[in-house]
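S.K.: Dropping the structure in here first, questions after.
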Amino acid sequence: MTISVPTYLLNESVVRANISRMAEKATASGVVFRPHFKTHQSPEIAGWFHEAGVACITVSSLKMADFFSHRGWRDILVAFPVNLLENELINSLANRIHLSLLVESEKVVNSLSNILSAPVDLYIKIDTGYHRTGMDPDDYSAVDHLVHQIAISRNLRLKGLLTHAGHTYHARSREEVIKIFYHTSKILTRLQKRLEPVSGLLVRSVGDTPSCSLVPEFSHVDEVRPGNFVFYDLMQLKLGTCNFSQIAGVVACPVVACHPKRNQAVIYGGAVHLSKEYLTENGRQVYGQMVRLTESGWSEPVPEAFVVSLAQEHGVIEAPGKVISSLQPGEIVGIVPVHSCLTANLLHGYKTLDGHNLTHLNES
């Protein structure tokens, strides 16, 4: 297998195992598994989900929904607030597939009612603690009013209550992640019961990888939408969401320079490949951790060997002197990315350990 530029290297068997494990947990819990495809954005990997029995998916943009709609997916939720400026694409999708959209304002609901030429399902975004978007679950008046507007609007069908508990990524322990999940489900259940006499039993939809990975089962909700779990990454490893054997991909990067006197090596792998996402390790920002590539994949993380600086194309690895002295320009090392979603989006494709190239939405 030849690698000459930064390349997202995937272990297919680990990807498939991650998919199967989450799908089996959802099935055992009796909930809908609607995985988020924003992490991989690959038609081939989508096929692996289909083989695991997945029939409905989540995406983060209408462009992504369009991409997968042309590849056989017919039940798609766009888990991003509606952008009314894309009304033509919204109508195109609504007339071709079972489309679900995300709303949180009366203005958007009224505008959708005026522009839609086919029915869509709506989820109301609820803020359960992340404070990025969503309605205040305690503002019953606002929620009730929005529900009423949906009920009297043309081509709109209220389906569920949706949240993304992104604050699990800032949790300090596995126990805190699990606590956030149950707090989130409690908020959604309270609203679901309150609205049931008017709207019927709405779907409670949750979707962060940390809690979906750590809770033993999903009986407190109706639908799960994790995405990052398909690959996992250094952030998830540090959170305790996964173990190292469940990380399905590393970025293969050529070494281009070595500086043993300052315990550093430079790789071809910068911000445009790894992203600027970072973790704090012993008081310093790190953008990935080094592994050695092997015939069967890659090694355990090399202790204290971190990417500590990024420019556009350059990455600087800082490591103990014996590690740097063992590297040579022209060698390929692996970097476990901090956040696989952003890294995958930047690299626009994958190579499996057996040399197969997998495509990506941004490459198509």
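Order determines the names: the first chain of the structure tokens is A, the second B, and so forth; residues in each chain are numbered 1 upward, and ligands are numbered 1 upward as they are shown.
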Compile the contact shell of Ser42 (chain A) as number ranges by chain: residues with an atom at most 9 Å away, counting only C-alpha atoms, same-chain residues fewer than 3 positions apart removed.

M.R.: A: 37, 39, 45-47, 68, 349-350, 358-361

S.K.: Give me every helix (DSSP H, G or I) residue in region 226-326 of chain A, going by DSSP on the backbone, as a PyMOL selection string.

M.R.: chain A and resi 228-230+234-239+244-246+260-262+271-274+321-325

S.K.: Print the selection's residues with N, CA and C atoms to a file, as a compact mmCIF listing (two decimals), in the first residue's frame.

M.R.:
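Output (part39.txt):
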```
# COMPACT_ATOMS: atom_id res chain seq x y z
N ASN A 228 -20.11 10.09 15.73
CA ASN A 228 -18.67 9.96 15.90
C ASN A 228 -18.23 8.54 16.24
N PHE A 229 -19.12 7.75 16.84
CA PHE A 229 -18.79 6.39 17.26
C PHE A 229 -18.29 5.51 16.13
N VAL A 230 -18.61 5.87 14.89
CA VAL A 230 -18.22 5.01 13.77
C VAL A 230 -16.70 4.91 13.66
N LEU A 234 -9.26 10.57 19.56
CA LEU A 234 -8.51 10.81 20.80
C LEU A 234 -9.40 11.47 21.86
N MET A 235 -10.29 12.35 21.44
CA MET A 235 -11.19 13.00 22.39
C MET A 235 -12.07 11.97 23.09
N GLN A 236 -12.63 11.04 22.33
CA GLN A 236 -13.48 10.01 22.92
C GLN A 236 -12.67 9.09 23.83
N LEU A 237 -11.44 8.80 23.45
CA LEU A 237 -10.58 7.96 24.28
C LEU A 237 -10.32 8.64 25.62
N LYS A 238 -10.03 9.94 25.60
CA LYS A 238 -9.75 10.67 26.84
C LYS A 238 -11.01 10.78 27.70
N LEU A 239 -12.19 10.85 27.08
CA LEU A 239 -13.45 10.89 27.82
C LEU A 239 -13.78 9.56 28.47
N PHE A 244 -8.94 1.98 23.18
CA PHE A 244 -8.10 2.27 22.02
C PHE A 244 -8.39 1.32 20.86
N SER A 245 -8.74 0.08 21.15
CA SER A 245 -9.00 -0.89 20.08
C SER A 245 -10.23 -0.54 19.26
N GLN A 246 -11.09 0.37 19.78
CA GLN A 246 -12.29 0.77 19.05
C GLN A 246 -12.06 1.99 18.16
N PRO A 260 16.24 16.38 16.50
CA PRO A 260 16.46 15.67 17.77
C PRO A 260 16.85 16.59 18.91
N LYS A 261 17.58 17.68 18.62
CA LYS A 261 18.05 18.55 19.71
C LYS A 261 16.90 19.21 20.45
N ARG A 262 15.78 19.39 19.79
CA ARG A 262 14.63 19.97 20.48
C ARG A 262 13.47 18.98 20.62
N ALA A 271 -3.10 21.86 9.80
CA ALA A 271 -4.46 22.23 10.18
C ALA A 271 -5.48 21.88 9.10
N VAL A 272 -5.06 21.89 7.83
CA VAL A 272 -5.99 21.56 6.74
C VAL A 272 -6.22 20.05 6.64
N HIS A 273 -5.53 19.27 7.45
CA HIS A 273 -5.72 17.82 7.47
C HIS A 273 -6.31 17.35 8.80
N LEU A 274 -5.74 17.86 9.90
CA LEU A 274 -6.14 17.39 11.23
C LEU A 274 -7.18 18.27 11.90
N GLY A 321 13.40 12.05 23.24
CA GLY A 321 14.50 12.05 22.27
C GLY A 321 14.67 10.74 21.53
N LYS A 322 14.49 9.61 22.21
CA LYS A 322 14.69 8.33 21.54
C LYS A 322 13.63 8.08 20.47
N VAL A 323 12.45 8.65 20.67
CA VAL A 323 11.40 8.52 19.65
C VAL A 323 11.76 9.34 18.42
N ILE A 324 12.15 10.60 18.64
CA ILE A 324 12.51 11.47 17.52
C ILE A 324 13.72 10.91 16.78
N SER A 325 14.69 10.39 17.50
CA SER A 325 15.91 9.84 16.86
C SER A 325 15.60 8.62 16.00
```

S.K.: Which residue is closest to Arg190 (chain A)? Choose from A:Gly30, A:Gly53, A:Pro320, A:Pro137 and count only C-alpha atoms.

M.R.: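 Going through A:Gly30, A:Gly53, A:Pro320, A:Pro137 one by one, the smallest distance to Arg190 (chain A) is for A:Pro137.
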
S.K.: Name the residues of region 135-284 of chain A that come out as strand (DSSP E) in a backbone DSSP run; write them as an mmCIF file with N, CA and C atoms, in the first residue's frame.

M.R.:
```
data_model
loop_
_atom_site.group_PDB
_atom_site.id
_atom_site.type_symbol
_atom_site.label_atom_id
_atom_site.label_comp_id
_atom_site.auth_asym_id
_atom_site.auth_seq_id
_atom_site.Cartn_x
_atom_site.Cartn_y
_atom_site.Cartn_z
ATOM 1 N N LEU A 156 -46.964 20.337 7.203
ATOM 2 C CA LEU A 156 -46.058 20.124 8.334
ATOM 3 C C LEU A 156 -46.661 19.114 9.298
ATOM 4 N N ARG A 157 -45.860 18.117 9.680
ATOM 5 C CA ARG A 157 -46.309 17.079 10.605
ATOM 6 C C ARG A 157 -45.319 17.022 11.763
ATOM 7 N N LEU A 158 -45.779 17.296 12.958
ATOM 8 C CA LEU A 158 -44.892 17.263 14.118
ATOM 9 C C LEU A 158 -44.607 15.812 14.493
ATOM 10 N N LYS A 159 -43.320 15.467 14.499
ATOM 11 C CA LYS A 159 -42.925 14.090 14.776
ATOM 12 C C LYS A 159 -42.253 13.913 16.131
ATOM 13 N N GLY A 160 -41.375 14.857 16.511
ATOM 14 C CA GLY A 160 -40.636 14.586 17.724
ATOM 15 C C GLY A 160 -39.985 15.783 18.384
ATOM 16 N N LEU A 161 -39.332 15.488 19.491
ATOM 17 C CA LEU A 161 -38.553 16.442 20.272
ATOM 18 C C LEU A 161 -37.103 15.976 20.202
ATOM 19 N N LEU A 162 -36.226 16.865 19.791
ATOM 20 C CA LEU A 162 -34.848 16.473 19.510
ATOM 21 C C LEU A 162 -33.873 17.325 20.299
ATOM 22 N N VAL A 203 -41.732 11.515 19.349
ATOM 23 C CA VAL A 203 -40.456 10.810 19.447
ATOM 24 C C VAL A 203 -39.478 11.638 20.278
ATOM 25 N N ARG A 204 -38.804 10.998 21.226
ATOM 26 C CA ARG A 204 -37.724 11.628 21.982
ATOM 27 C C ARG A 204 -36.401 11.200 21.344
ATOM 28 N N SER A 205 -35.727 12.148 20.716
ATOM 29 C CA SER A 205 -34.539 11.830 19.915
ATOM 30 C C SER A 205 -33.285 12.457 20.520
ATOM 31 N N VAL A 206 -32.275 11.620 20.785
ATOM 32 C CA VAL A 206 -31.007 12.096 21.341
ATOM 33 C C VAL A 206 -29.860 11.631 20.441
ATOM 34 N N GLU A 223 -35.304 7.315 20.062
ATOM 35 C CA GLU A 223 -34.464 7.350 18.866
ATOM 36 C C GLU A 223 -33.075 7.845 19.264
ATOM 37 N N VAL A 224 -32.032 7.204 18.700
ATOM 38 C CA VAL A 224 -30.655 7.638 18.982
ATOM 39 C C VAL A 224 -29.957 7.955 17.665
ATOM 40 N N GLY A 249 -9.626 4.670 12.951
ATOM 41 C CA GLY A 249 -8.832 5.350 11.929
ATOM 42 C C GLY A 249 -7.747 6.229 12.501
ATOM 43 N N VAL A 250 -6.643 6.323 11.758
ATOM 44 C CA VAL A 250 -5.572 7.273 12.068
ATOM 45 C C VAL A 250 -5.202 7.984 10.779
ATOM 46 N N VAL A 251 -4.586 9.139 10.919
ATOM 47 C CA VAL A 251 -4.129 9.869 9.740
ATOM 48 C C VAL A 251 -2.669 9.512 9.484
ATOM 49 N N ALA A 252 -2.415 8.890 8.344
ATOM 50 C CA ALA A 252 -1.056 8.532 7.955
ATOM 51 C C ALA A 252 -0.369 9.777 7.386
ATOM 52 N N CYS A 253 0.737 10.185 8.001
ATOM 53 C CA CYS A 253 1.418 11.436 7.638
ATOM 54 C C CYS A 253 2.903 11.190 7.369
ATOM 55 N N PRO A 254 3.430 11.690 6.260
ATOM 56 C CA PRO A 254 4.870 11.578 6.003
ATOM 57 C C PRO A 254 5.680 12.460 6.954
ATOM 58 N N VAL A 255 6.792 11.916 7.431
ATOM 59 C CA VAL A 255 7.760 12.719 8.180
ATOM 60 C C VAL A 255 8.599 13.487 7.162
ATOM 61 N N VAL A 256 8.749 14.795 7.375
ATOM 62 C CA VAL A 256 9.510 15.610 6.413
ATOM 63 C C VAL A 256 10.769 16.223 7.018
ATOM 64 N N ALA A 257 10.883 16.264 8.336
ATOM 65 C CA ALA A 257 12.086 16.816 8.964
ATOM 66 C C ALA A 257 12.161 16.329 10.401
ATOM 67 N N CYS A 258 13.396 16.163 10.912
ATOM 68 C CA CYS A 258 13.614 15.727 12.289
ATOM 69 C C CYS A 258 14.572 16.688 12.987
ATOM 70 N N HIS A 259 14.280 17.039 14.225
ATOM 71 C CA HIS A 259 15.106 17.960 15.009
ATOM 72 C C HIS A 259 15.329 17.349 16.396
ATOM 73 N N GLN A 264 11.767 17.213 18.503
ATOM 74 C CA GLN A 264 10.644 17.453 17.612
ATOM 75 C C GLN A 264 10.890 16.884 16.213
ATOM 76 N N ALA A 265 9.811 16.526 15.569
ATOM 77 C CA ALA A 265 9.830 16.133 14.163
ATOM 78 C C ALA A 265 8.680 16.844 13.470
ATOM 79 N N VAL A 266 8.853 17.113 12.187
ATOM 80 C CA VAL A 266 7.820 17.800 11.411
ATOM 81 C C VAL A 266 7.174 16.801 10.464
ATOM 82 N N ILE A 267 5.870 16.813 10.411
ATOM 83 C CA ILE A 267 5.132 15.940 9.504
ATOM 84 C C ILE A 267 4.370 16.765 8.473
ATOM 85 N N TYR A 268 4.104 16.120 7.340
ATOM 86 C CA TYR A 268 3.181 16.677 6.357
ATOM 87 C C TYR A 268 1.795 16.293 6.847
ATOM 88 N N LEU A 279 -6.840 19.014 22.500
ATOM 89 C CA LEU A 279 -7.048 18.639 23.885
ATOM 90 C C LEU A 279 -5.919 19.244 24.708
ATOM 91 N N THR A 280 -6.099 19.291 25.995
ATOM 92 C CA THR A 280 -5.030 19.772 26.869
ATOM 93 C C THR A 280 -4.398 18.583 27.572
ATOM 94 N N GLU A 281 -3.102 18.423 27.378
ATOM 95 C CA GLU A 281 -2.355 17.310 27.956
ATOM 96 C C GLU A 281 -1.165 17.872 28.715
ATOM 97 N N ARG A 284 -0.482 21.591 28.011
ATOM 98 C CA ARG A 284 -0.206 22.054 26.644
ATOM 99 C C ARG A 284 -1.313 21.582 25.704
#
```

S.K.: So that I can check the surroundings of region 107-114 of chain A, please list as a compact mmCIF listing (two decimals) with N, CA and C atoms, in the first residue's frame every protein, DNA and RNA residue that reaches within 10 Å of it, counting only C-alpha atoms and ignoring chain neighbours fewer than 3 positions away.

M.R.:
```txt
# COMPACT_ATOMS: atom_id res chain seq x y z
N PRO A 81 -30.77 23.45 12.22
CA PRO A 81 -31.91 24.36 12.03
C PRO A 81 -32.14 24.72 10.57
N VAL A 82 -33.39 24.74 10.16
CA VAL A 82 -33.74 24.99 8.76
C VAL A 82 -33.15 26.31 8.27
N ASN A 83 -32.50 26.23 7.11
CA ASN A 83 -32.02 27.43 6.42
C ASN A 83 -33.02 27.74 5.31
N LEU A 84 -33.84 28.74 5.53
CA LEU A 84 -34.92 29.05 4.59
C LEU A 84 -34.40 29.46 3.20
N ASN A 87 -34.70 26.90 0.09
CA ASN A 87 -36.07 26.40 -0.08
C ASN A 87 -36.23 25.50 -1.31
N ILE A 90 -34.97 22.11 -0.32
CA ILE A 90 -35.93 21.52 0.64
C ILE A 90 -37.10 20.91 -0.13
N ASN A 91 -37.65 21.64 -1.08
CA ASN A 91 -38.79 21.11 -1.85
C ASN A 91 -38.38 19.94 -2.72
N LEU A 102 -35.62 20.27 11.26
CA LEU A 102 -35.49 20.71 12.63
C LEU A 102 -35.87 22.17 12.76
N VAL A 103 -36.77 22.48 13.69
CA VAL A 103 -37.24 23.86 13.87
C VAL A 103 -37.22 24.25 15.34
N GLU A 104 -37.20 25.55 15.57
CA GLU A 104 -37.32 26.06 16.94
C GLU A 104 -37.97 27.43 16.98
N SER A 117 -44.00 22.30 -1.04
CA SER A 117 -44.90 21.72 -2.04
C SER A 117 -45.19 20.26 -1.75
N ALA A 118 -44.61 19.73 -0.66
CA ALA A 118 -44.85 18.35 -0.25
C ALA A 118 -44.69 18.27 1.27
N PRO A 119 -45.29 17.27 1.91
CA PRO A 119 -45.22 17.18 3.38
C PRO A 119 -43.82 16.87 3.89
N VAL A 120 -43.51 17.39 5.07
CA VAL A 120 -42.29 17.02 5.78
C VAL A 120 -42.63 16.78 7.24
N LEU A 122 -41.47 17.31 11.19
CA LEU A 122 -40.70 18.29 11.96
C LEU A 122 -40.33 17.73 13.33
N LEU A 146 -45.57 27.11 19.54
CA LEU A 146 -44.94 26.55 18.34
C LEU A 146 -45.65 25.28 17.90
N VAL A 147 -45.99 24.45 18.85
CA VAL A 147 -46.73 23.22 18.52
C VAL A 147 -48.06 23.56 17.84
N GLN A 149 -48.74 26.26 16.09
CA GLN A 149 -48.47 26.77 14.74
C GLN A 149 -48.17 25.64 13.76
N ILE A 150 -47.46 24.64 14.23
CA ILE A 150 -47.19 23.48 13.36
C ILE A 150 -48.49 22.76 13.03
N ILE A 152 -51.48 23.85 12.67
CA ILE A 152 -52.37 24.53 11.73
C ILE A 152 -51.68 24.88 10.41
N SER A 153 -50.42 24.46 10.27
CA SER A 153 -49.65 24.81 9.07
C SER A 153 -49.78 23.74 8.00
N ARG A 154 -49.65 24.17 6.78
CA ARG A 154 -49.80 23.28 5.63
C ARG A 154 -48.53 22.45 5.42
N ASN A 155 -48.70 21.15 5.18
CA ASN A 155 -47.61 20.23 4.84
C ASN A 155 -46.61 19.99 5.97
N LEU A 156 -46.96 20.34 7.20
CA LEU A 156 -46.06 20.12 8.33
C LEU A 156 -46.66 19.11 9.30
```
